[in-house]
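Here the structure is laid out as structure tokens; the discussion comes afterwards.
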Amino acid sequence: MDLDSVKRYLEKDCNENAMNIDGMPFKFFEPFVMQGLRVDLLEPGRIICSMKVPPRLLNTGDFLHGGATATLVDIVGSAVIYTVGAPVTGVSVEINVSYLDAAYAGCYLVITLRIGALGSEALIRM
């Protein structure tokens with residue numbers, strides 16, 4: 001793909017009927033990703049959640065978008081810090097995600113986060 005094609009790809013309107021992004025509700029992103037998330041276990045230093053992958057979070061390859069995965073890790077990772085009594089969570093400095101397999105619409109994810117020696121550690125499995 002030539003450079004102009006890459007630029008057009010990144011700057012394109014997704015479709016002419018799409019909602020005006022600037023007209024979306026303030027702070028819509030977290031609820032958009034987290035809708036359907038269920039807390040299965042909550043204890044000091046550990047959270048286990050589950051979620052059925054919704055079609056709204058799929059990428060063009062029809063599997064869970066990596067950005068949605070990283071967002072889930074970030075949000076639930078912040079929440080696990082609250083479980084040990086922290087009054088605030090701060091800002092994620094580094095998130096490292098290794099994608100071992102694709103998760104398709106309808107797959108169930110189990111998201112496990114725990115407090116580790118250097119911060120929160122996450123495991124997401126299907």
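Each chain in the structure tokens gets a letter, A, B and so on, in the order shown; residues start at 1 in every chain, and ligands are counted from 1 in the order they appear.
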
Neighbours of Leu58 of chain A within 10 Å (only C-alpha atoms; same-chain residues fewer than 6 positions away dropped), as a PyMOL selection string?
chain A and resi 64-68+103-105

key: In chain A, DSSP helix (DSSP H, G or I) residues written as a PyMOL selection string   = chain A and resi 3-11+21-23+29-34+55-57+66-82

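Of note, atom CA of Val80 of chain A and atom CA of Ile48 of chain A are spaced 9.6 Å apart.
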
Review point. So what do you get for atom CA of Arg46 of chain A versus atom CA of Ser78 of chain A, distance-wise?
Key: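 Atom-to-atom, atom CA of Arg46 of chain A and atom CA of Ser78 of chain A are spaced 11.3 Å apart.
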
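Of the listed residues (A:Glu43, A:Asp101, A:Asp2, A:Glu11), A:Glu43 comes nearest to Ala79 of chain A; the distances count only C-alpha atoms.
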
Option closest in space to Leu42 of chain A, from A:Thr69, A:Thr83, A:Ser5, A:Thr89 [counting only C-alpha atoms]: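 Under the stated criterion, the closest residue is A:Thr83.
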
If you count only C-alpha atoms, the residue of A:Val110, A:Val97, A:Ile115, A:Ile124 closest to Arg38 of chain A turns out to be A:Val110

Neighbours of Ile111 of chain A within 9 Å (only C-alpha atoms; same-chain residues fewer than 5 positions away dropped), as an NGL selection string?
:A and (47-51 or 72-73 or 76 or 122-126)

Based on the selection just made, write C-alpha atoms of those residues as a PDB file, in the first residue's frame.
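Once everything was written out, this is part_13.pdb:
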```pdb
ATOM      1  CA  ILE A  47     -10.819  -9.383  40.504  1.00  0.00           C
ATOM      2  CA  ILE A  48     -12.219 -11.965  38.096  1.00  0.00           C
ATOM      3  CA  CYS A  49     -14.690 -10.759  35.459  1.00  0.00           C
ATOM      4  CA  SER A  50     -16.359 -12.376  32.486  1.00  0.00           C
ATOM      5  CA  MET A  51     -17.802 -10.981  29.315  1.00  0.00           C
ATOM      6  CA  LEU A  72     -10.463  -3.814  29.491  1.00  0.00           C
ATOM      7  CA  VAL A  73      -7.045  -4.535  31.021  1.00  0.00           C
ATOM      8  CA  VAL A  76     -10.184  -3.536  35.424  1.00  0.00           C
ATOM      9  CA  ALA A 122      -3.814  -9.347  33.970  1.00  0.00           C
ATOM     10  CA  LEU A 123      -4.781 -12.607  32.308  1.00  0.00           C
ATOM     11  CA  ILE A 124      -7.601 -12.768  29.760  1.00  0.00           C
ATOM     12  CA  ARG A 125      -8.595 -16.165  28.454  1.00  0.00           C
ATOM     13  CA  MET A 126     -11.405 -17.512  26.329  1.00  0.00           C
TER      14      MET A 126
END
```

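Across A:Val93, A:Gly85, A:Pro44, A:Tyr99, the tightest approach to Arg114 of chain A is made by A:Pro44 when counting only C-alpha atoms.
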
Between A:Ala102, A:Leu10, A:Leu109, A:Leu41, which has the minimum distance to Asp62 of chain A (counting only C-alpha atoms)?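 Nearest candidate to Asp62 of chain A out of A:Ala102, A:Leu10, A:Leu109, A:Leu41: A:Ala102.
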
Q | All strand (DSSP E) positions in chain A, as a ChimeraX atom specification | A | /A:38-43,46-52,108-116,119-125

Could the residues in this selection be written to a file with N, CA and C atoms, as a PDB file, in the first residue's frame?
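Result file result_5.pdb:
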```pdb
ATOM      1  N   ARG A  38     -19.176  -8.588  33.637  1.00  0.00           N
ATOM      2  CA  ARG A  38     -19.746  -9.102  34.879  1.00  0.00           C
ATOM      3  C   ARG A  38     -18.627  -9.412  35.861  1.00  0.00           C
ATOM      4  N   VAL A  39     -18.768  -8.960  37.101  1.00  0.00           N
ATOM      5  CA  VAL A  39     -17.783  -9.263  38.147  1.00  0.00           C
ATOM      6  C   VAL A  39     -18.155 -10.600  38.768  1.00  0.00           C
ATOM      7  N   ASP A  40     -17.253 -11.575  38.635  1.00  0.00           N
ATOM      8  CA  ASP A  40     -17.499 -12.915  39.155  1.00  0.00           C
ATOM      9  C   ASP A  40     -16.857 -13.139  40.516  1.00  0.00           C
ATOM     10  N   LEU A  41     -15.748 -12.450  40.791  1.00  0.00           N
ATOM     11  CA  LEU A  41     -15.053 -12.558  42.074  1.00  0.00           C
ATOM     12  C   LEU A  41     -14.418 -11.221  42.381  1.00  0.00           C
ATOM     13  N   LEU A  42     -14.580 -10.774  43.608  1.00  0.00           N
ATOM     14  CA  LEU A  42     -14.004  -9.515  44.036  1.00  0.00           C
ATOM     15  C   LEU A  42     -13.469  -9.721  45.439  1.00  0.00           C
ATOM     16  N   GLU A  43     -12.159  -9.612  45.590  1.00  0.00           N
ATOM     17  CA  GLU A  43     -11.527  -9.742  46.896  1.00  0.00           C
ATOM     18  C   GLU A  43     -10.307  -8.840  46.928  1.00  0.00           C
ATOM     19  N   ARG A  46      -7.572  -8.897  44.052  1.00  0.00           N
ATOM     20  CA  ARG A  46      -7.912  -9.757  42.917  1.00  0.00           C
ATOM     21  C   ARG A  46      -9.336  -9.523  42.449  1.00  0.00           C
ATOM     22  N   ILE A  47      -9.505  -9.486  41.134  1.00  0.00           N
ATOM     23  CA  ILE A  47     -10.819  -9.383  40.504  1.00  0.00           C
ATOM     24  C   ILE A  47     -10.865 -10.383  39.358  1.00  0.00           C
ATOM     25  N   ILE A  48     -11.971 -11.103  39.249  1.00  0.00           N
ATOM     26  CA  ILE A  48     -12.219 -11.965  38.096  1.00  0.00           C
ATOM     27  C   ILE A  48     -13.540 -11.510  37.485  1.00  0.00           C
ATOM     28  N   CYS A  49     -13.506 -11.193  36.195  1.00  0.00           N
ATOM     29  CA  CYS A  49     -14.690 -10.759  35.459  1.00  0.00           C
ATOM     30  C   CYS A  49     -14.887 -11.672  34.256  1.00  0.00           C
ATOM     31  N   SER A  50     -16.101 -11.654  33.726  1.00  0.00           N
ATOM     32  CA  SER A  50     -16.359 -12.376  32.486  1.00  0.00           C
ATOM     33  C   SER A  50     -17.184 -11.480  31.576  1.00  0.00           C
ATOM     34  N   MET A  51     -17.114 -11.802  30.303  1.00  0.00           N
ATOM     35  CA  MET A  51     -17.802 -10.981  29.315  1.00  0.00           C
ATOM     36  C   MET A  51     -17.951 -11.772  28.024  1.00  0.00           C
ATOM     37  N   LYS A  52     -19.124 -11.679  27.435  1.00  0.00           N
ATOM     38  CA  LYS A  52     -19.350 -12.246  26.108  1.00  0.00           C
ATOM     39  C   LYS A  52     -18.934 -11.174  25.101  1.00  0.00           C
ATOM     40  N   TYR A 108     -16.782 -16.173  25.174  1.00  0.00           N
ATOM     41  CA  TYR A 108     -16.752 -15.670  26.543  1.00  0.00           C
ATOM     42  C   TYR A 108     -15.312 -15.463  26.966  1.00  0.00           C
ATOM     43  N   LEU A 109     -15.056 -14.288  27.526  1.00  0.00           N
ATOM     44  CA  LEU A 109     -13.742 -13.970  28.062  1.00  0.00           C
ATOM     45  C   LEU A 109     -13.795 -14.064  29.573  1.00  0.00           C
ATOM     46  N   VAL A 110     -12.712 -14.530  30.173  1.00  0.00           N
ATOM     47  CA  VAL A 110     -12.537 -14.470  31.616  1.00  0.00           C
ATOM     48  C   VAL A 110     -11.334 -13.572  31.845  1.00  0.00           C
ATOM     49  N   ILE A 111     -11.553 -12.508  32.578  1.00  0.00           N
ATOM     50  CA  ILE A 111     -10.535 -11.489  32.800  1.00  0.00           C
ATOM     51  C   ILE A 111     -10.131 -11.561  34.267  1.00  0.00           C
ATOM     52  N   THR A 112      -8.875 -11.914  34.536  1.00  0.00           N
ATOM     53  CA  THR A 112      -8.380 -12.037  35.896  1.00  0.00           C
ATOM     54  C   THR A 112      -7.299 -11.000  36.119  1.00  0.00           C
ATOM     55  N   LEU A 113      -7.475 -10.176  37.138  1.00  0.00           N
ATOM     56  CA  LEU A 113      -6.460  -9.192  37.496  1.00  0.00           C
ATOM     57  C   LEU A 113      -6.106  -9.356  38.955  1.00  0.00           C
ATOM     58  N   ARG A 114      -4.834  -9.205  39.243  1.00  0.00           N
ATOM     59  CA  ARG A 114      -4.400  -9.275  40.629  1.00  0.00           C
ATOM     60  C   ARG A 114      -3.271  -8.280  40.843  1.00  0.00           C
ATOM     61  N   ILE A 115      -3.104  -7.915  42.077  1.00  0.00           N
ATOM     62  CA  ILE A 115      -2.002  -7.023  42.428  1.00  0.00           C
ATOM     63  C   ILE A 115      -0.735  -7.865  42.486  1.00  0.00           C
ATOM     64  N   GLY A 116       0.271  -7.461  41.729  1.00  0.00           N
ATOM     65  CA  GLY A 116       1.561  -8.138  41.738  1.00  0.00           C
ATOM     66  C   GLY A 116       2.613  -7.257  42.386  1.00  0.00           C
ATOM     67  N   GLY A 119       2.694  -3.829  40.419  1.00  0.00           N
ATOM     68  CA  GLY A 119       1.428  -3.231  39.987  1.00  0.00           C
ATOM     69  C   GLY A 119       0.418  -4.326  39.731  1.00  0.00           C
ATOM     70  N   SER A 120      -0.540  -4.070  38.865  1.00  0.00           N
ATOM     71  CA  SER A 120      -1.547  -5.094  38.586  1.00  0.00           C
ATOM     72  C   SER A 120      -1.095  -5.953  37.412  1.00  0.00           C
ATOM     73  N   GLU A 121      -1.475  -7.222  37.466  1.00  0.00           N
ATOM     74  CA  GLU A 121      -1.153  -8.176  36.412  1.00  0.00           C
ATOM     75  C   GLU A 121      -2.459  -8.759  35.897  1.00  0.00           C
ATOM     76  N   ALA A 122      -2.561  -8.900  34.577  1.00  0.00           N
ATOM     77  CA  ALA A 122      -3.814  -9.347  33.970  1.00  0.00           C
ATOM     78  C   ALA A 122      -3.630 -10.637  33.182  1.00  0.00           C
ATOM     79  N   LEU A 123      -4.705 -11.425  33.165  1.00  0.00           N
ATOM     80  CA  LEU A 123      -4.781 -12.607  32.308  1.00  0.00           C
ATOM     81  C   LEU A 123      -6.191 -12.613  31.731  1.00  0.00           C
ATOM     82  N   ILE A 124      -6.295 -12.649  30.417  1.00  0.00           N
ATOM     83  CA  ILE A 124      -7.601 -12.768  29.760  1.00  0.00           C
ATOM     84  C   ILE A 124      -7.569 -14.062  28.972  1.00  0.00           C
ATOM     85  N   ARG A 125      -8.542 -14.907  29.200  1.00  0.00           N
ATOM     86  CA  ARG A 125      -8.595 -16.165  28.454  1.00  0.00           C
ATOM     87  C   ARG A 125     -10.007 -16.391  27.951  1.00  0.00           C
TER      88      ARG A 125
END
```

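Computed from the coordinates, the atom CA of Gly36 of chain A to atom CA of Cys107 of chain A distance equals 12.6 Å.
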